[in-house]
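Source file: coords_39.cif. Holds: mmCIF, C-alpha atoms; chains and numbers go by the auth columns.
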data_query
loop_
_atom_site.group_PDB
_atom_site.id
_atom_site.type_symbol
_atom_site.label_atom_id
_atom_site.label_comp_id
_atom_site.label_asym_id
_atom_site.label_seq_id
_atom_site.Cartn_x
_atom_site.Cartn_y
_atom_site.Cartn_z
_atom_site.B_iso_or_equiv
_atom_site.auth_seq_id
_atom_site.auth_asym_id
ATOM 1 C CA GLY A 1 -11.626 0.812 -4.975 0.00 3 A
ATOM 2 C CA GLN A 2 -9.586 2.359 -2.250 0.00 4 A
ATOM 3 C CA GLN A 3 -6.228 3.739 -3.306 0.00 5 A
ATOM 4 C CA VAL A 4 -3.328 4.802 -1.154 0.00 6 A
ATOM 5 C CA MET A 5 -0.710 6.899 -2.885 0.00 7 A
ATOM 6 C CA GLN A 6 2.723 7.474 -1.457 0.00 8 A
ATOM 7 C CA ILE A 7 5.333 10.047 -2.462 0.00 9 A
ATOM 8 C CA PRO A 8 8.127 10.301 -3.218 0.00 10 A
ATOM 9 C CA GLN A 9 8.920 6.913 -4.710 0.00 11 A
ATOM 10 C CA TYR A 10 12.639 7.364 -4.056 0.00 12 A
ATOM 11 C CA GLN A 11 14.604 9.671 -1.788 0.00 13 A
ATOM 12 C CA HIS A 12 18.350 10.023 -1.449 0.00 14 A
ATOM 13 C CA VAL A 13 19.600 12.038 1.503 0.00 15 A
ATOM 14 C CA GLN A 14 22.956 12.780 3.045 0.00 16 A
ATOM 15 C CA GLU A 15 23.388 11.308 6.494 0.00 17 A
ATOM 16 C CA GLY A 16 22.185 13.841 9.015 0.00 18 A
ATOM 17 C CA GLU A 17 19.561 15.367 6.730 0.00 19 A
ATOM 18 C CA ASP A 18 15.857 15.047 7.419 0.00 20 A
ATOM 19 C CA PHE A 19 13.463 12.879 5.412 0.00 21 A
ATOM 20 C CA THR A 20 9.707 12.934 4.934 0.00 22 A
ATOM 21 C CA THR A 21 7.356 10.569 3.099 0.00 23 A
ATOM 22 C CA TYR A 22 3.711 11.340 2.452 0.00 24 A
ATOM 23 C CA CYS A 23 0.711 9.081 2.129 0.00 25 A
ATOM 24 C CA ASN A 24 -2.595 10.154 0.564 0.00 26 A
ATOM 25 C CA SER A 25 -5.856 8.293 0.293 0.00 27 A
ATOM 26 C CA SER A 26 -8.771 8.786 -2.055 0.00 28 A
ATOM 27 C CA THR A 27 -11.143 7.980 0.805 0.00 29 A
ATOM 28 C CA THR A 28 -11.346 8.651 4.530 0.00 30 A
ATOM 29 C CA LEU A 29 -9.306 6.148 6.476 0.00 31 A
ATOM 30 C CA SER A 30 -10.299 4.524 9.750 0.00 32 A
ATOM 31 C CA ASN A 31 -6.661 4.001 10.655 0.00 33 A
ATOM 32 C CA ILE A 32 -3.219 4.033 9.110 0.00 34 A
ATOM 33 C CA GLN A 33 -0.185 1.896 9.774 0.00 35 A
ATOM 34 C CA TRP A 34 3.458 2.383 8.849 0.00 36 A
ATOM 35 C CA TYR A 35 5.936 -0.391 8.053 0.00 37 A
ATOM 36 C CA LYS A 36 9.646 -0.455 7.277 0.00 38 A
ATOM 37 C CA GLN A 37 11.249 -2.985 4.942 0.00 39 A
ATOM 38 C CA ARG A 38 15.035 -3.228 4.915 0.00 40 A
ATOM 39 C CA PRO A 39 16.690 -4.225 1.607 0.00 41 A
ATOM 40 C CA GLY A 40 16.123 -7.950 1.123 0.00 42 A
ATOM 41 C CA GLY A 41 13.948 -8.080 4.213 0.00 43 A
ATOM 42 C CA HIS A 42 10.308 -8.170 5.132 0.00 44 A
ATOM 43 C CA PRO A 43 7.928 -5.413 6.251 0.00 45 A
ATOM 44 C CA VAL A 44 8.134 -4.663 9.961 0.00 46 A
ATOM 45 C CA PHE A 45 5.385 -2.795 11.774 0.00 47 A
ATOM 46 C CA LEU A 46 6.342 0.633 13.081 0.00 48 A
ATOM 47 C CA ILE A 47 3.175 2.294 14.331 0.00 49 A
ATOM 48 C CA GLN A 48 -0.571 2.735 13.964 0.00 50 A
ATOM 49 C CA LEU A 49 -2.499 6.026 13.982 0.00 51 A
ATOM 50 C CA VAL A 50 -6.229 6.102 14.575 0.00 52 A
ATOM 51 C CA LYS A 51 -7.351 9.570 15.640 0.00 53 A
ATOM 52 C CA SER A 52 -7.806 12.644 13.461 0.00 54 A
ATOM 53 C CA GLY A 53 -4.761 14.920 13.786 0.00 55 A
ATOM 54 C CA GLU A 54 -2.847 12.350 15.815 0.00 56 A
ATOM 55 C CA VAL A 55 0.911 12.759 16.173 0.00 57 A
ATOM 56 C CA LYS A 56 3.173 10.040 17.529 0.00 58 A
ATOM 57 C CA LYS A 57 6.923 9.988 17.992 0.00 59 A
ATOM 58 C CA GLN A 58 9.443 7.184 18.142 0.00 60 A
ATOM 59 C CA LYS A 59 12.880 8.639 18.848 0.00 61 A
ATOM 60 C CA ARG A 60 13.797 10.435 15.581 0.00 62 A
ATOM 61 C CA LEU A 61 10.614 9.356 13.782 0.00 63 A
ATOM 62 C CA THR A 62 7.450 11.485 13.846 0.00 64 A
ATOM 63 C CA PHE A 63 4.172 10.169 12.455 0.00 65 A
ATOM 64 C CA GLN A 64 1.141 12.317 11.701 0.00 66 A
ATOM 65 C CA PHE A 65 -2.437 11.558 10.708 0.00 67 A
ATOM 66 C CA GLY A 66 -4.270 14.347 8.913 0.00 68 A
ATOM 67 C CA GLU A 67 -7.274 16.117 10.332 0.00 69 A
ATOM 68 C CA ALA A 68 -9.487 14.729 7.569 0.00 70 A
ATOM 69 C CA LYS A 69 -7.967 11.258 8.011 0.00 71 A
ATOM 70 C CA LYS A 70 -7.065 11.130 4.332 0.00 72 A
ATOM 71 C CA ASN A 71 -3.344 11.673 4.604 0.00 73 A
ATOM 72 C CA SER A 72 -0.404 10.821 6.775 0.00 74 A
ATOM 73 C CA SER A 73 3.301 11.526 6.955 0.00 75 A
ATOM 74 C CA LEU A 74 6.451 10.044 8.398 0.00 76 A
ATOM 75 C CA HIS A 75 9.308 12.385 9.187 0.00 77 A
ATOM 76 C CA ILE A 76 12.782 11.245 10.174 0.00 78 A
ATOM 77 C CA THR A 77 15.071 13.788 11.808 0.00 79 A
ATOM 78 C CA ALA A 78 18.816 13.572 11.226 0.00 80 A
ATOM 79 C CA THR A 79 18.845 10.378 9.192 0.00 81 A
ATOM 80 C CA GLN A 80 21.342 7.629 9.899 0.00 82 A
ATOM 81 C CA THR A 81 22.535 4.796 7.676 0.00 83 A
ATOM 82 C CA THR A 82 20.400 2.431 9.745 0.00 84 A
ATOM 83 C CA ASP A 83 17.302 4.231 8.421 0.00 85 A
ATOM 84 C CA VAL A 84 17.888 2.818 4.928 0.00 86 A
ATOM 85 C CA GLY A 85 14.926 0.881 3.581 0.00 87 A
ATOM 86 C CA THR A 86 11.480 1.244 2.098 0.00 88 A
ATOM 87 C CA TYR A 87 8.761 2.831 4.191 0.00 89 A
ATOM 88 C CA PHE A 88 5.181 1.793 3.521 0.00 90 A
ATOM 89 C CA CYS A 89 1.951 3.263 4.743 0.00 91 A
ATOM 90 C CA ALA A 90 -1.107 1.031 4.852 0.00 92 A
ATOM 91 C CA GLY A 91 -4.612 2.277 5.365 0.00 93 A
ATOM 92 C CA SER A 92 -8.131 1.009 5.668 0.00 94 A
ATOM 93 C CA GLY A 93 -11.339 2.764 4.750 0.00 95 A
ATOM 94 C CA SER A 94 -14.495 0.973 3.765 0.00 96 A
ATOM 95 C CA ALA A 95 -12.537 -2.131 2.877 0.00 97 A
ATOM 96 C CA ARG A 96 -11.946 -4.424 5.796 0.00 98 A
ATOM 97 C CA GLN A 97 -8.361 -5.008 4.919 0.00 99 A
ATOM 98 C CA LEU A 98 -5.317 -2.769 4.687 0.00 100 A
ATOM 99 C CA THR A 99 -4.290 -1.284 1.364 0.00 101 A
ATOM 100 C CA PHE A 100 -0.555 -0.707 1.156 0.00 102 A
ATOM 101 C CA GLY A 101 0.969 2.332 -0.484 0.00 103 A
ATOM 102 C CA SER A 102 3.673 1.886 -3.082 0.00 104 A
ATOM 103 C CA GLY A 103 6.401 2.770 -0.596 0.00 105 A
ATOM 104 C CA THR A 104 9.215 5.301 -0.424 0.00 106 A
ATOM 105 C CA GLN A 105 12.690 3.875 -0.843 0.00 107 A
ATOM 106 C CA LEU A 106 15.142 5.799 1.327 0.00 108 A
ATOM 107 C CA THR A 107 18.861 5.813 0.631 0.00 109 A
ATOM 108 C CA VAL A 108 21.150 7.470 3.155 0.00 110 A
ATOM 109 C CA LEU A 109 24.545 8.486 1.856 0.00 111 A
ATOM 110 C CA PRO A 110 27.332 8.428 4.460 0.00 112 A
ATOM 111 C CA ASP B 1 9.002 -16.462 19.692 0.00 1 B
ATOM 112 C CA ALA B 2 10.151 -17.807 16.329 0.00 2 B
ATOM 113 C CA GLY B 3 7.982 -15.450 14.324 0.00 3 B
ATOM 114 C CA VAL B 4 6.242 -16.336 11.080 0.00 4 B
ATOM 115 C CA ILE B 5 8.173 -19.044 9.273 0.00 5 B
ATOM 116 C CA GLN B 6 8.074 -19.450 5.523 0.00 6 B
ATOM 117 C CA SER B 7 9.645 -22.032 3.257 0.00 7 B
ATOM 118 C CA PRO B 8 11.357 -22.231 0.942 0.00 8 B
ATOM 119 C CA ARG B 9 13.271 -18.909 0.998 0.00 9 B
ATOM 120 C CA HIS B 10 13.965 -19.188 -2.698 0.00 10 B
ATOM 121 C CA GLU B 11 12.252 -21.201 -5.405 0.00 11 B
ATOM 122 C CA VAL B 12 13.288 -21.396 -9.035 0.00 12 B
ATOM 123 C CA THR B 13 11.052 -23.384 -11.329 0.00 13 B
ATOM 124 C CA GLU B 14 10.117 -23.735 -14.938 0.00 14 B
ATOM 125 C CA MET B 15 6.944 -22.500 -16.496 0.00 15 B
ATOM 126 C CA GLY B 16 4.157 -25.033 -16.192 0.00 16 B
ATOM 127 C CA GLN B 17 5.451 -26.595 -12.984 0.00 17 B
ATOM 128 C CA GLU B 18 3.510 -26.688 -9.734 0.00 18 B
ATOM 129 C CA VAL B 19 4.822 -24.522 -6.915 0.00 19 B
ATOM 130 C CA THR B 20 3.896 -24.849 -3.247 0.00 20 B
ATOM 131 C CA LEU B 21 4.796 -22.199 -0.702 0.00 21 B
ATOM 132 C CA ARG B 22 4.491 -22.915 2.991 0.00 22 B
ATOM 133 C CA CYS B 23 3.844 -20.838 6.075 0.00 23 B
ATOM 134 C CA LYS B 24 3.731 -21.380 9.809 0.00 24 B
ATOM 135 C CA PRO B 25 2.107 -18.452 11.617 0.00 25 B
ATOM 136 C CA ILE B 26 2.995 -17.254 15.090 0.00 26 B
ATOM 137 C CA SER B 27 1.534 -19.603 17.668 0.00 27 B
ATOM 138 C CA GLY B 28 -1.729 -18.267 19.027 0.00 28 B
ATOM 139 C CA HIS B 29 -2.396 -15.943 16.101 0.00 29 B
ATOM 140 C CA ASN B 30 -5.854 -16.414 14.626 0.00 30 B
ATOM 141 C CA SER B 31 -5.438 -14.757 11.239 0.00 31 B
ATOM 142 C CA LEU B 32 -3.105 -15.529 8.381 0.00 32 B
ATOM 143 C CA PHE B 33 -2.477 -13.505 5.249 0.00 33 B
ATOM 144 C CA TRP B 34 -0.747 -14.190 1.924 0.00 34 B
ATOM 145 C CA TYR B 35 0.752 -11.181 0.146 0.00 35 B
ATOM 146 C CA ARG B 36 2.602 -10.857 -3.141 0.00 36 B
ATOM 147 C CA GLN B 37 5.206 -8.150 -3.710 0.00 37 B
ATOM 148 C CA THR B 38 6.403 -6.978 -7.120 0.00 38 B
ATOM 149 C CA MET B 39 8.030 -3.791 -8.326 0.00 39 B
ATOM 150 C CA MET B 40 5.087 -3.019 -10.585 0.00 40 B
ATOM 151 C CA ARG B 41 2.198 -3.726 -8.214 0.00 41 B
ATOM 152 C CA GLY B 42 3.737 -3.365 -4.775 0.00 42 B
ATOM 153 C CA LEU B 43 2.303 -5.353 -1.870 0.00 43 B
ATOM 154 C CA GLU B 44 -0.974 -7.041 -2.785 0.00 44 B
ATOM 155 C CA LEU B 45 -3.176 -9.072 -0.476 0.00 45 B
ATOM 156 C CA LEU B 46 -4.013 -12.389 -2.102 0.00 46 B
ATOM 157 C CA ILE B 47 -6.084 -14.101 0.574 0.00 47 B
ATOM 158 C CA TYR B 48 -6.579 -14.155 4.307 0.00 48 B
ATOM 159 C CA PHE B 49 -7.836 -16.732 6.757 0.00 49 B
ATOM 160 C CA ASN B 50 -9.378 -16.368 10.180 0.00 50 B
ATOM 161 C CA ASN B 51 -9.494 -19.437 12.417 0.00 51 B
ATOM 162 C CA ASN B 52 -8.358 -21.518 9.415 0.00 52 B
ATOM 163 C CA VAL B 53 -11.329 -20.390 7.286 0.00 53 B
ATOM 164 C CA PRO B 54 -10.738 -18.349 4.112 0.00 54 B
ATOM 165 C CA ILE B 55 -12.453 -15.000 4.620 0.00 55 B
ATOM 166 C CA ASP B 56 -11.437 -12.967 1.593 0.00 56 B
ATOM 167 C CA ASP B 57 -9.837 -14.447 -1.507 0.00 57 B
ATOM 168 C CA SER B 58 -10.721 -11.599 -3.847 0.00 58 B
ATOM 169 C CA GLY B 59 -7.040 -10.853 -4.381 0.00 59 B
ATOM 170 C CA MET B 60 -6.218 -14.279 -5.763 0.00 60 B
ATOM 171 C CA PRO B 61 -5.229 -13.561 -9.369 0.00 61 B
ATOM 172 C CA GLU B 62 -6.829 -16.527 -11.083 0.00 62 B
ATOM 173 C CA ASP B 63 -7.730 -20.170 -10.761 0.00 63 B
ATOM 174 C CA ARG B 64 -4.116 -21.213 -11.005 0.00 64 B
ATOM 175 C CA PHE B 65 -3.688 -19.952 -7.435 0.00 65 B
ATOM 176 C CA SER B 66 -5.087 -21.803 -4.443 0.00 66 B
ATOM 177 C CA ALA B 67 -4.495 -21.562 -0.710 0.00 67 B
ATOM 178 C CA LYS B 68 -5.302 -23.849 2.169 0.00 68 B
ATOM 179 C CA MET B 69 -5.042 -23.760 5.920 0.00 69 B
ATOM 180 C CA PRO B 70 -5.636 -27.274 7.209 0.00 70 B
ATOM 181 C CA ASN B 71 -4.835 -26.316 10.809 0.00 71 B
ATOM 182 C CA ALA B 72 -3.904 -23.328 12.945 0.00 72 B
ATOM 183 C CA SER B 73 -0.187 -23.802 12.465 0.00 73 B
ATOM 184 C CA PHE B 74 0.161 -24.369 8.724 0.00 74 B
ATOM 185 C CA SER B 75 -0.874 -22.832 5.421 0.00 75 B
ATOM 186 C CA THR B 76 0.069 -23.396 1.798 0.00 76 B
ATOM 187 C CA LEU B 77 -0.165 -21.276 -1.307 0.00 77 B
ATOM 188 C CA LYS B 78 -0.085 -23.312 -4.498 0.00 78 B
ATOM 189 C CA ILE B 79 0.374 -22.163 -8.071 0.00 79 B
ATOM 190 C CA GLN B 80 -0.447 -24.694 -10.776 0.00 80 B
ATOM 191 C CA PRO B 81 0.637 -24.262 -13.496 0.00 81 B
ATOM 192 C CA SER B 82 3.165 -21.526 -12.807 0.00 82 B
ATOM 193 C CA GLU B 83 3.910 -18.772 -15.313 0.00 83 B
ATOM 194 C CA PRO B 84 6.818 -16.283 -15.581 0.00 84 B
ATOM 195 C CA ARG B 85 4.520 -13.427 -14.537 0.00 85 B
ATOM 196 C CA ASP B 86 4.063 -15.154 -11.176 0.00 86 B
ATOM 197 C CA SER B 87 7.677 -14.317 -10.323 0.00 87 B
ATOM 198 C CA ALA B 88 7.569 -12.241 -7.144 0.00 88 B
ATOM 199 C CA VAL B 89 8.251 -12.314 -3.425 0.00 89 B
ATOM 200 C CA TYR B 90 5.409 -14.014 -1.575 0.00 90 B
ATOM 201 C CA PHE B 91 4.969 -13.027 2.051 0.00 91 B
ATOM 202 C CA CYS B 92 2.921 -14.722 4.700 0.00 92 B
ATOM 203 C CA ALA B 93 1.796 -12.632 7.671 0.00 93 B
ATOM 204 C CA SER B 94 -0.201 -13.357 10.787 0.00 94 B
ATOM 205 C CA SER B 95 -2.107 -11.295 13.319 0.00 95 B
ATOM 206 C CA PRO B 96 -3.507 -12.143 16.722 0.00 96 B
ATOM 207 C CA GLY B 97 -7.205 -11.386 16.268 0.00 97 B
ATOM 208 C CA THR B 98 -9.884 -11.516 13.618 0.00 98 B
ATOM 209 C CA GLY B 99 -7.718 -10.035 10.881 0.00 99 B
ATOM 210 C CA GLY B 100 -9.222 -6.571 10.950 0.00 100 B
ATOM 211 C CA SER B 101 -7.384 -3.597 9.531 0.00 101 B
ATOM 212 C CA ASN B 102 -6.500 -2.280 12.978 0.00 102 B
ATOM 213 C CA GLU B 103 -4.308 -5.262 13.770 0.00 103 B
ATOM 214 C CA LYS B 104 -0.547 -5.281 13.549 0.00 104 B
ATOM 215 C CA LEU B 105 0.754 -7.662 10.895 0.00 105 B
ATOM 216 C CA PHE B 106 3.769 -9.863 11.550 0.00 106 B
ATOM 217 C CA PHE B 107 5.447 -10.818 8.293 0.00 107 B
ATOM 218 C CA GLY B 108 7.567 -13.839 7.511 0.00 108 B
ATOM 219 C CA SER B 109 10.840 -13.563 5.622 0.00 109 B
ATOM 220 C CA GLY B 110 9.148 -14.313 2.309 0.00 110 B
ATOM 221 C CA THR B 111 9.668 -16.717 -0.567 0.00 111 B
ATOM 222 C CA GLN B 112 11.436 -15.346 -3.625 0.00 112 B
ATOM 223 C CA LEU B 113 9.819 -17.168 -6.566 0.00 113 B
ATOM 224 C CA SER B 114 11.360 -17.157 -10.021 0.00 114 B
ATOM 225 C CA VAL B 115 9.479 -18.867 -12.846 0.00 115 B
ATOM 226 C CA LEU B 116 11.621 -19.323 -15.923 0.00 116 B
#
Rewrite the structure from the file as structure tokens, please.
Amino acid sequence: GQQVMQIPQYQHVQEGEDFTTYCNSSTTLSNIQWYKQRPGGHPVFLIQLVKSGEVKKQKRLTFQFGEAKKNSSLHITATQTTDVGTYFCAGSGSARQLTFGSGTQLTVLP
Amino acid sequence: DAGVIQSPRHEVTEMGQEVTLRCKPISGHNSLFWYRQTMMRGLELLIYFNNNVPIDDSGMPEDRFSAKMPNASFSTLKIQPSEPRDSAVYFCASSPGTGGSNEKLFFGSGTQLSVL
């Protein structure tokens, strides 16, 4: 079945440093979504990418969808302590439903 | 908008007991999803409903798990009998349309289940 791999599993950064998480699929995706889950919280939708090569920005967050629609990335510029949490990608290929990646847990050290 | 409401927030039970988790989706949303989250397996889709009808239950682990949606504003996930390996956070989510993969999911706060 469809698999969505996410790396790294954990990332510790100093406040102010940049952070990137990568999502890779074994199959071509029709779309990809990103969610953020704060510690003890629930996943919250951030964004959806649909087009090949698409790039979207939300303030310090930049999301990219690969040209082949098999990979995606989330980059955070100048991290802040409020960025702490686990970031999940979720993609859909032939399956009708989203498959979630394993997540990247971000720790920001003040 | 109150968002997706789940109850209870925490449930501690003994092996063999029946557990019922409850969910109220966002008013007007047509699709409802039950997810399970564990460290080992991450976020797994158990079942989803569209217009109160179960569409895909292929993620339900075994016959001990059952889910119902008697009306548009209420769903239950039942585990009978419960086992320690069922310990996890169970999330309910809803979406406005048919439940397709291009829809934004709105998650509830989850139920932390511990089976001793």
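All chain A residues having an atom within 6 Å of chain B, based on only C-alpha atoms, amount to His44, Arg98, Gln99, Leu100 and Ser104 of chain A.
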Could you write those residues out with C-alpha atoms, as a compact mmCIF listing (two decimals), in the frame of the given file?
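Wrote result-v9.txt, looks like this:
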# COMPACT_ATOMS: atom_id res chain seq x y z
CA HIS A 44 10.31 -8.17 5.13
CA ARG A 98 -11.95 -4.42 5.80
CA GLN A 99 -8.36 -5.01 4.92
CA LEU A 100 -5.32 -2.77 4.69
CA SER A 104 3.67 1.89 -3.08
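With only the atoms specified (all atoms listed in the file) counting, those residues at most 9 Å away from (-4.4, -22.3, 2.3) are Arg22, Trp34, Ile47, Tyr48, Phe49, Asn52, Val53, Pro54, Ser66, Ala67, Lys68, Met69, Pro70, Phe74, Ser75, Thr76, Leu77 and Lys78 of chain B.
Residues in contact with Asn26 (chain A) at 10 Å, where all atoms listed in the file are counted and same-chain residues fewer than 4 positions away are skipped, are listed as Gln5, Val6, Met7, Gln8, Ile9, Thr30, Leu31, Gly68, Lys71, Lys72, Asn73, Ser74, Ser75, Cys91, Gly93 and Gly103 of chain A.
One finds CA of His10 (chain B) at 26.1 Å from CA of Asp85 (chain A).
What separates CA of Phe90 (chain A) from CA of Phe65 (chain B) is a distance of 25.9 Å.
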**OP:** Just give me the gap between CA of Asp20 (chain A) and CA of Leu76 (chain A) in Å, one decimal is fine.
**Re:** 10.7 Å
**OP:** Please evaluate the PyMOL selection byres ((chain A and resi 53-62) around 9) against the displayed coordinates and give the resulting residues as a ChimeraX atom specification.
**Re:** /A:32-33,48-52,63-71,77-81
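Selection around (20.2, 12.6, 3.4) with radius 10 Å, counting only C-alpha atoms, yields the residues Gln13, His14, Val15, Gln16, Glu17, Gly18, Glu19, Asp20, Phe21, Thr79, Ala80, Thr81, Gln82, Thr83, Leu108, Thr109, Val110, Leu111 and Pro112 of chain A.
Within the 8 Å cut-off around Ser94 (chain B), using only C-alpha atoms and omitting residues fewer than 3 positions from it on the same chain, the listed residues are Val4, Pro25, Ile26, His29, Asn30, Ser31, Leu32, Phe33, Leu105, Phe106 and Phe107 of chain B.
Candidate residues A:Pro45, A:Tyr89, A:Thr101, A:Thr84 were compared for distance to Gln11 (chain A), and the nearest is A:Tyr89, using only C-alpha atoms.
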Taking all atoms of region 49-55 of chain B that the file lists and extending 4 Å past them on each side, where is the centre of the axis-aligned box and how long are its edges? Answer in Å to one decimal, as JSON.
{"center_x": -10.1, "center_y": -18.3, "center_z": 8.3, "size_x": 12.6, "size_y": 14.5, "size_z": 16.3}
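Distance annotation: of A:Ser28, A:Gln35, A:Arg40, A:Val46, the residue with the minimal separation from Gly87 (chain A) is A:Arg40; atom set is only C-alpha atoms.
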